[in-house]
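Structure data follow from protein.txt (compact mmCIF, N, CA and C atoms and all ligand atoms):
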# COMPACT_ATOMS: atom_id res chain seq x y z
N MET I 399 3.28 8.83 5.75
CA MET I 399 2.70 7.99 4.69
C MET I 399 3.13 6.54 4.93
N PRO I 400 2.19 5.58 4.94
CA PRO I 400 2.57 4.18 5.14
C PRO I 400 3.43 3.66 3.99
N LYS I 401 4.38 2.81 4.34
CA LYS I 401 5.32 2.33 3.34
C LYS I 401 5.44 0.80 3.41
N PRO I 402 4.84 0.09 2.45
CA PRO I 402 4.94 -1.37 2.43
C PRO I 402 6.25 -1.83 1.79
N THR I 403 6.83 -2.88 2.35
CA THR I 403 8.03 -3.47 1.76
C THR I 403 7.87 -4.99 1.72
N ILE I 404 8.52 -5.61 0.75
CA ILE I 404 8.51 -7.07 0.61
C ILE I 404 9.93 -7.59 0.81
N ASP I 405 10.07 -8.58 1.69
CA ASP I 405 11.33 -9.31 1.80
C ASP I 405 11.31 -10.38 0.70
N LYS I 406 12.03 -10.12 -0.36
CA LYS I 406 11.98 -11.01 -1.53
C LYS I 406 12.51 -12.41 -1.21
N GLY I 407 13.37 -12.49 -0.23
CA GLY I 407 13.90 -13.79 0.17
C GLY I 407 12.85 -14.68 0.81
N LYS I 408 11.85 -14.05 1.42
CA LYS I 408 10.76 -14.81 2.07
C LYS I 408 9.59 -15.07 1.13
N CYS I 409 9.38 -14.20 0.16
CA CYS I 409 8.22 -14.30 -0.73
C CYS I 409 8.24 -15.61 -1.52
N LYS I 410 7.09 -16.30 -1.50
CA LYS I 410 6.96 -17.56 -2.24
C LYS I 410 6.06 -17.43 -3.46
N GLY I 411 5.64 -16.21 -3.76
CA GLY I 411 4.86 -15.99 -4.98
C GLY I 411 3.46 -16.54 -4.95
N CYS I 412 2.80 -16.52 -3.79
CA CYS I 412 1.41 -16.99 -3.72
C CYS I 412 0.44 -15.95 -4.28
N PHE I 413 0.87 -14.71 -4.30
CA PHE I 413 0.11 -13.56 -4.82
C PHE I 413 -1.16 -13.26 -4.03
N THR I 414 -1.19 -13.70 -2.77
CA THR I 414 -2.27 -13.27 -1.87
C THR I 414 -2.30 -11.75 -1.78
N CYS I 415 -1.13 -11.15 -1.69
CA CYS I 415 -1.05 -9.69 -1.55
C CYS I 415 -1.60 -8.98 -2.78
N VAL I 416 -1.33 -9.54 -3.93
CA VAL I 416 -1.82 -8.93 -5.18
C VAL I 416 -3.35 -8.90 -5.18
N GLY I 417 -3.95 -9.97 -4.69
CA GLY I 417 -5.40 -10.05 -4.69
C GLY I 417 -6.05 -9.26 -3.57
N ILE I 418 -5.36 -9.11 -2.44
CA ILE I 418 -6.02 -8.56 -1.25
C ILE I 418 -5.90 -7.04 -1.12
N CYS I 419 -4.86 -6.46 -1.66
CA CYS I 419 -4.66 -5.01 -1.47
C CYS I 419 -5.79 -4.25 -2.17
N PRO I 420 -6.51 -3.41 -1.43
CA PRO I 420 -7.66 -2.71 -2.02
C PRO I 420 -7.27 -1.62 -3.02
N VAL I 421 -6.01 -1.23 -3.02
CA VAL I 421 -5.59 -0.16 -3.93
C VAL I 421 -4.47 -0.61 -4.88
N GLU I 422 -4.34 -1.92 -5.03
CA GLU I 422 -3.44 -2.52 -6.04
C GLU I 422 -1.98 -2.05 -5.95
N VAL I 423 -1.49 -2.05 -4.73
CA VAL I 423 -0.07 -1.69 -4.53
C VAL I 423 0.85 -2.76 -5.13
N PHE I 424 0.44 -4.02 -5.05
CA PHE I 424 1.30 -5.12 -5.47
C PHE I 424 1.03 -5.56 -6.90
N ALA I 425 2.06 -6.13 -7.51
CA ALA I 425 1.91 -6.72 -8.84
C ALA I 425 2.81 -7.96 -8.91
N LYS I 426 2.52 -8.81 -9.86
CA LYS I 426 3.37 -9.98 -10.08
C LYS I 426 4.66 -9.55 -10.77
N ASP I 427 5.75 -10.18 -10.34
CA ASP I 427 7.06 -9.92 -10.94
C ASP I 427 7.73 -11.28 -11.10
N GLY I 428 7.39 -11.96 -12.16
CA GLY I 428 7.86 -13.33 -12.32
C GLY I 428 7.26 -14.22 -11.24
N LYS I 429 8.11 -14.87 -10.45
CA LYS I 429 7.65 -15.79 -9.41
C LYS I 429 7.57 -15.13 -8.03
N LYS I 430 7.72 -13.80 -8.00
CA LYS I 430 7.64 -13.05 -6.74
C LYS I 430 6.64 -11.91 -6.91
N ALA I 431 6.28 -11.30 -5.78
CA ALA I 431 5.48 -10.08 -5.83
C ALA I 431 6.42 -8.88 -5.79
N LYS I 432 5.96 -7.78 -6.34
CA LYS I 432 6.72 -6.54 -6.25
C LYS I 432 5.79 -5.41 -5.81
N ILE I 433 6.39 -4.35 -5.30
CA ILE I 433 5.64 -3.15 -4.95
C ILE I 433 5.55 -2.30 -6.21
N ALA I 434 4.36 -2.23 -6.78
CA ALA I 434 4.19 -1.52 -8.04
C ALA I 434 3.77 -0.06 -7.83
N LYS I 435 2.94 0.18 -6.82
CA LYS I 435 2.41 1.53 -6.61
C LYS I 435 2.51 1.91 -5.12
N PRO I 436 3.73 2.14 -4.63
CA PRO I 436 3.92 2.38 -3.20
C PRO I 436 3.15 3.59 -2.67
N ASN I 437 2.97 4.58 -3.49
CA ASN I 437 2.32 5.81 -3.02
C ASN I 437 0.81 5.66 -2.85
N GLU I 438 0.25 4.54 -3.31
CA GLU I 438 -1.19 4.31 -3.17
C GLU I 438 -1.57 3.74 -1.82
N CYS I 439 -0.59 3.24 -1.06
CA CYS I 439 -0.88 2.52 0.18
C CYS I 439 -1.64 3.38 1.18
N ILE I 440 -2.72 2.80 1.74
CA ILE I 440 -3.54 3.50 2.74
C ILE I 440 -3.31 2.95 4.14
N GLY I 441 -2.36 2.02 4.27
CA GLY I 441 -1.97 1.54 5.61
C GLY I 441 -2.97 0.63 6.28
N CYS I 442 -3.76 -0.10 5.51
CA CYS I 442 -4.78 -0.98 6.12
C CYS I 442 -4.16 -2.23 6.75
N ARG I 443 -2.96 -2.58 6.33
CA ARG I 443 -2.18 -3.72 6.86
C ARG I 443 -2.75 -5.09 6.52
N ALA I 444 -3.69 -5.16 5.62
CA ALA I 444 -4.23 -6.46 5.21
C ALA I 444 -3.12 -7.34 4.65
N CYS I 445 -2.23 -6.75 3.90
CA CYS I 445 -1.13 -7.52 3.29
C CYS I 445 -0.20 -8.09 4.35
N GLU I 446 0.12 -7.27 5.32
CA GLU I 446 1.04 -7.70 6.39
C GLU I 446 0.44 -8.87 7.17
N VAL I 447 -0.86 -8.78 7.44
CA VAL I 447 -1.55 -9.82 8.21
C VAL I 447 -1.72 -11.09 7.39
N GLN I 448 -2.01 -10.96 6.11
CA GLN I 448 -2.40 -12.11 5.29
C GLN I 448 -1.25 -12.82 4.59
N CYS I 449 -0.12 -12.18 4.44
CA CYS I 449 0.99 -12.87 3.75
C CYS I 449 1.40 -14.11 4.55
N PRO I 450 1.28 -15.29 3.97
CA PRO I 450 1.57 -16.52 4.72
C PRO I 450 3.04 -16.69 5.05
N GLN I 451 3.90 -15.93 4.40
CA GLN I 451 5.34 -16.04 4.65
C GLN I 451 5.86 -14.96 5.60
N GLY I 452 5.01 -14.04 6.00
CA GLY I 452 5.48 -12.94 6.82
C GLY I 452 6.49 -12.07 6.10
N ALA I 453 6.33 -11.97 4.79
CA ALA I 453 7.32 -11.28 3.96
C ALA I 453 7.06 -9.78 3.84
N ILE I 454 5.85 -9.33 4.26
CA ILE I 454 5.48 -7.92 4.06
C ILE I 454 5.48 -7.19 5.40
N LYS I 455 6.08 -6.03 5.37
CA LYS I 455 6.03 -5.13 6.53
C LYS I 455 5.50 -3.78 6.03
N VAL I 456 4.67 -3.14 6.87
CA VAL I 456 4.15 -1.82 6.55
C VAL I 456 4.62 -0.86 7.64
N GLU I 457 5.46 0.06 7.26
CA GLU I 457 5.94 1.08 8.19
C GLU I 457 5.02 2.29 8.15
N ASP I 458 4.81 2.89 9.29
CA ASP I 458 3.98 4.11 9.35
C ASP I 458 4.78 5.31 8.87
S1 LIG I 501 1.46 -12.67 0.02
FE1 LIG I 501 3.62 -12.77 0.71
S2 LIG I 501 4.40 -14.71 -0.14
FE2 LIG I 501 2.51 -14.24 -1.22
S3 LIG I 501 3.20 -13.13 -3.07
FE3 LIG I 501 2.73 -11.58 -1.50
S4 LIG I 501 4.70 -11.18 -0.47
FE4 LIG I 501 4.91 -13.11 -1.60
S1 LIG I 502 -1.31 -1.86 3.92
FE1 LIG I 502 -3.24 -2.15 2.76
S2 LIG I 502 -3.16 -0.57 1.19
FE2 LIG I 502 -1.07 -0.79 1.96
S3 LIG I 502 -0.09 -2.25 0.60
FE3 LIG I 502 -0.94 -3.42 2.33
S4 LIG I 502 -2.98 -4.09 1.66
FE4 LIG I 502 -2.31 -2.43 0.27
Could you write out this file's structure as structure tokens?
Amino acid sequence: MPKPTIDKGKCKGCFTCVGICPVEVFAKDGKKAKIAKPNECIGCRACEVQCPQGAIKVED
């Protein structure tokens, strides 16, 4: 099962990931993003590619 993670130290709170994930894995958590629904991830890697900070990694 793919497993997305956020490096909170790198996240700048642009919320690109919140908007781009097709299954709403991410949510806003104050000024950072958080993983709200990890089990929904389908491993498309859009978040990993699009995060401008390189803060997201998706493990297979
Ligand atoms: S796309 Fe990256 S920098 Fe932007 S909110 Fe998500 S994890 Fe943070
Ligand atoms: S890999 Fe795709 S489905 Fe998984 S969290 Fe990233 S954007 Fe969402």
* Asked: Mind listing the residues within 8 Å of ligand LIG 501 (chain I), only N, CA and C atoms and all ligand atoms counted, as a PyMOL selection string?
  -> chain I and resi 403-406+408-417+424-426+429-432+445-446+448-455
* Using only N, CA and C atoms and all ligand atoms, pick whichever of I:Ala434, I:Ile418, I:Asp458, I:Asp427 has the shortest atom-to-atom distance to ligand LIG 502 (chain I). =>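 Comparing I:Ala434, I:Ile418, I:Asp458, I:Asp427 against ligand LIG 502 (chain I), the winner is I:Ile418.
Proximity to ligand LIG 502 (chain I) was assessed for I:Cys442, I:Val447, I:Ile433, I:Met399 counting only C-alpha atoms and all ligand atoms; the smallest distance is recorded for I:Cys442.
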Report the closest atom pair, with its distance in Å rounded to one decimal, for each residue of chain I that has an atom no farther than 6 Å from ligand LIG 502 (chain I); count only N, CA and C atoms and all ligand atoms, sort by chain and then rising residue number, and write it as CSV.
residue,atom,partner,partner_atom,distance
I:Pro402,CA,I:LIG502,S3,5.4
I:Ile418,C,I:LIG502,S4,5.0
I:Cys419,CA,I:LIG502,S4,3.7
I:Pro420,N,I:LIG502,FE4,4.6
I:Val421,N,I:LIG502,FE4,5.1
I:Glu422,N,I:LIG502,FE4,5.7
I:Val423,N,I:LIG502,FE4,5.1
I:Phe424,N,I:LIG502,S3,5.9
I:Glu438,C,I:LIG502,S2,5.5
I:Cys439,CA,I:LIG502,FE2,3.8
I:Ile440,N,I:LIG502,S2,3.4
I:Gly441,C,I:LIG502,S1,3.8
I:Cys442,N,I:LIG502,S1,3.4
I:Arg443,N,I:LIG502,S1,3.0
I:Ala444,N,I:LIG502,S4,4.2
I:Cys445,N,I:LIG502,S4,3.6
I:Glu446,N,I:LIG502,FE3,5.0
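Interatomic distance, atom N of Pro436 of chain I to atom C of Glu457 of chain I: 12.8 Å.
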* Enumerate the residues of chain I with a DSSP assignment of strand (DSSP E), computed from the backbone, and present them as a PyMOL selection string. => chain I and resi 401-404+424-427+430-433+454-457
* To do: Would you return as a list in words the members of chain I that DSSP assigns to helix (DSSP H, G or I) on this structure's backbone?
  =>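 So, restricting chain I to helix (DSSP H, G or I), we get Thr414, Cys415, Val416, Gly417, Ile418, Pro436, Asn437, Glu438, Ala444, Cys445, Glu446, Val447 and Gln448 of chain I.
Atom to atom, atom N of Pro400 of chain I and atom C of Val456 of chain I stand 7.4 Å apart.
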Box time for segment 430-439 of chain I: axis-aligned, enclosing all its listed atoms, 4 Å extra on each side; report centre and edge lengths in Å to one decimal, as lines of an AutoDock Vina configuration file.
center_x = 3.0
center_y = -4.0
center_z = -3.4
size_x = 17.4
size_y = 27.6
size_z = 17.2
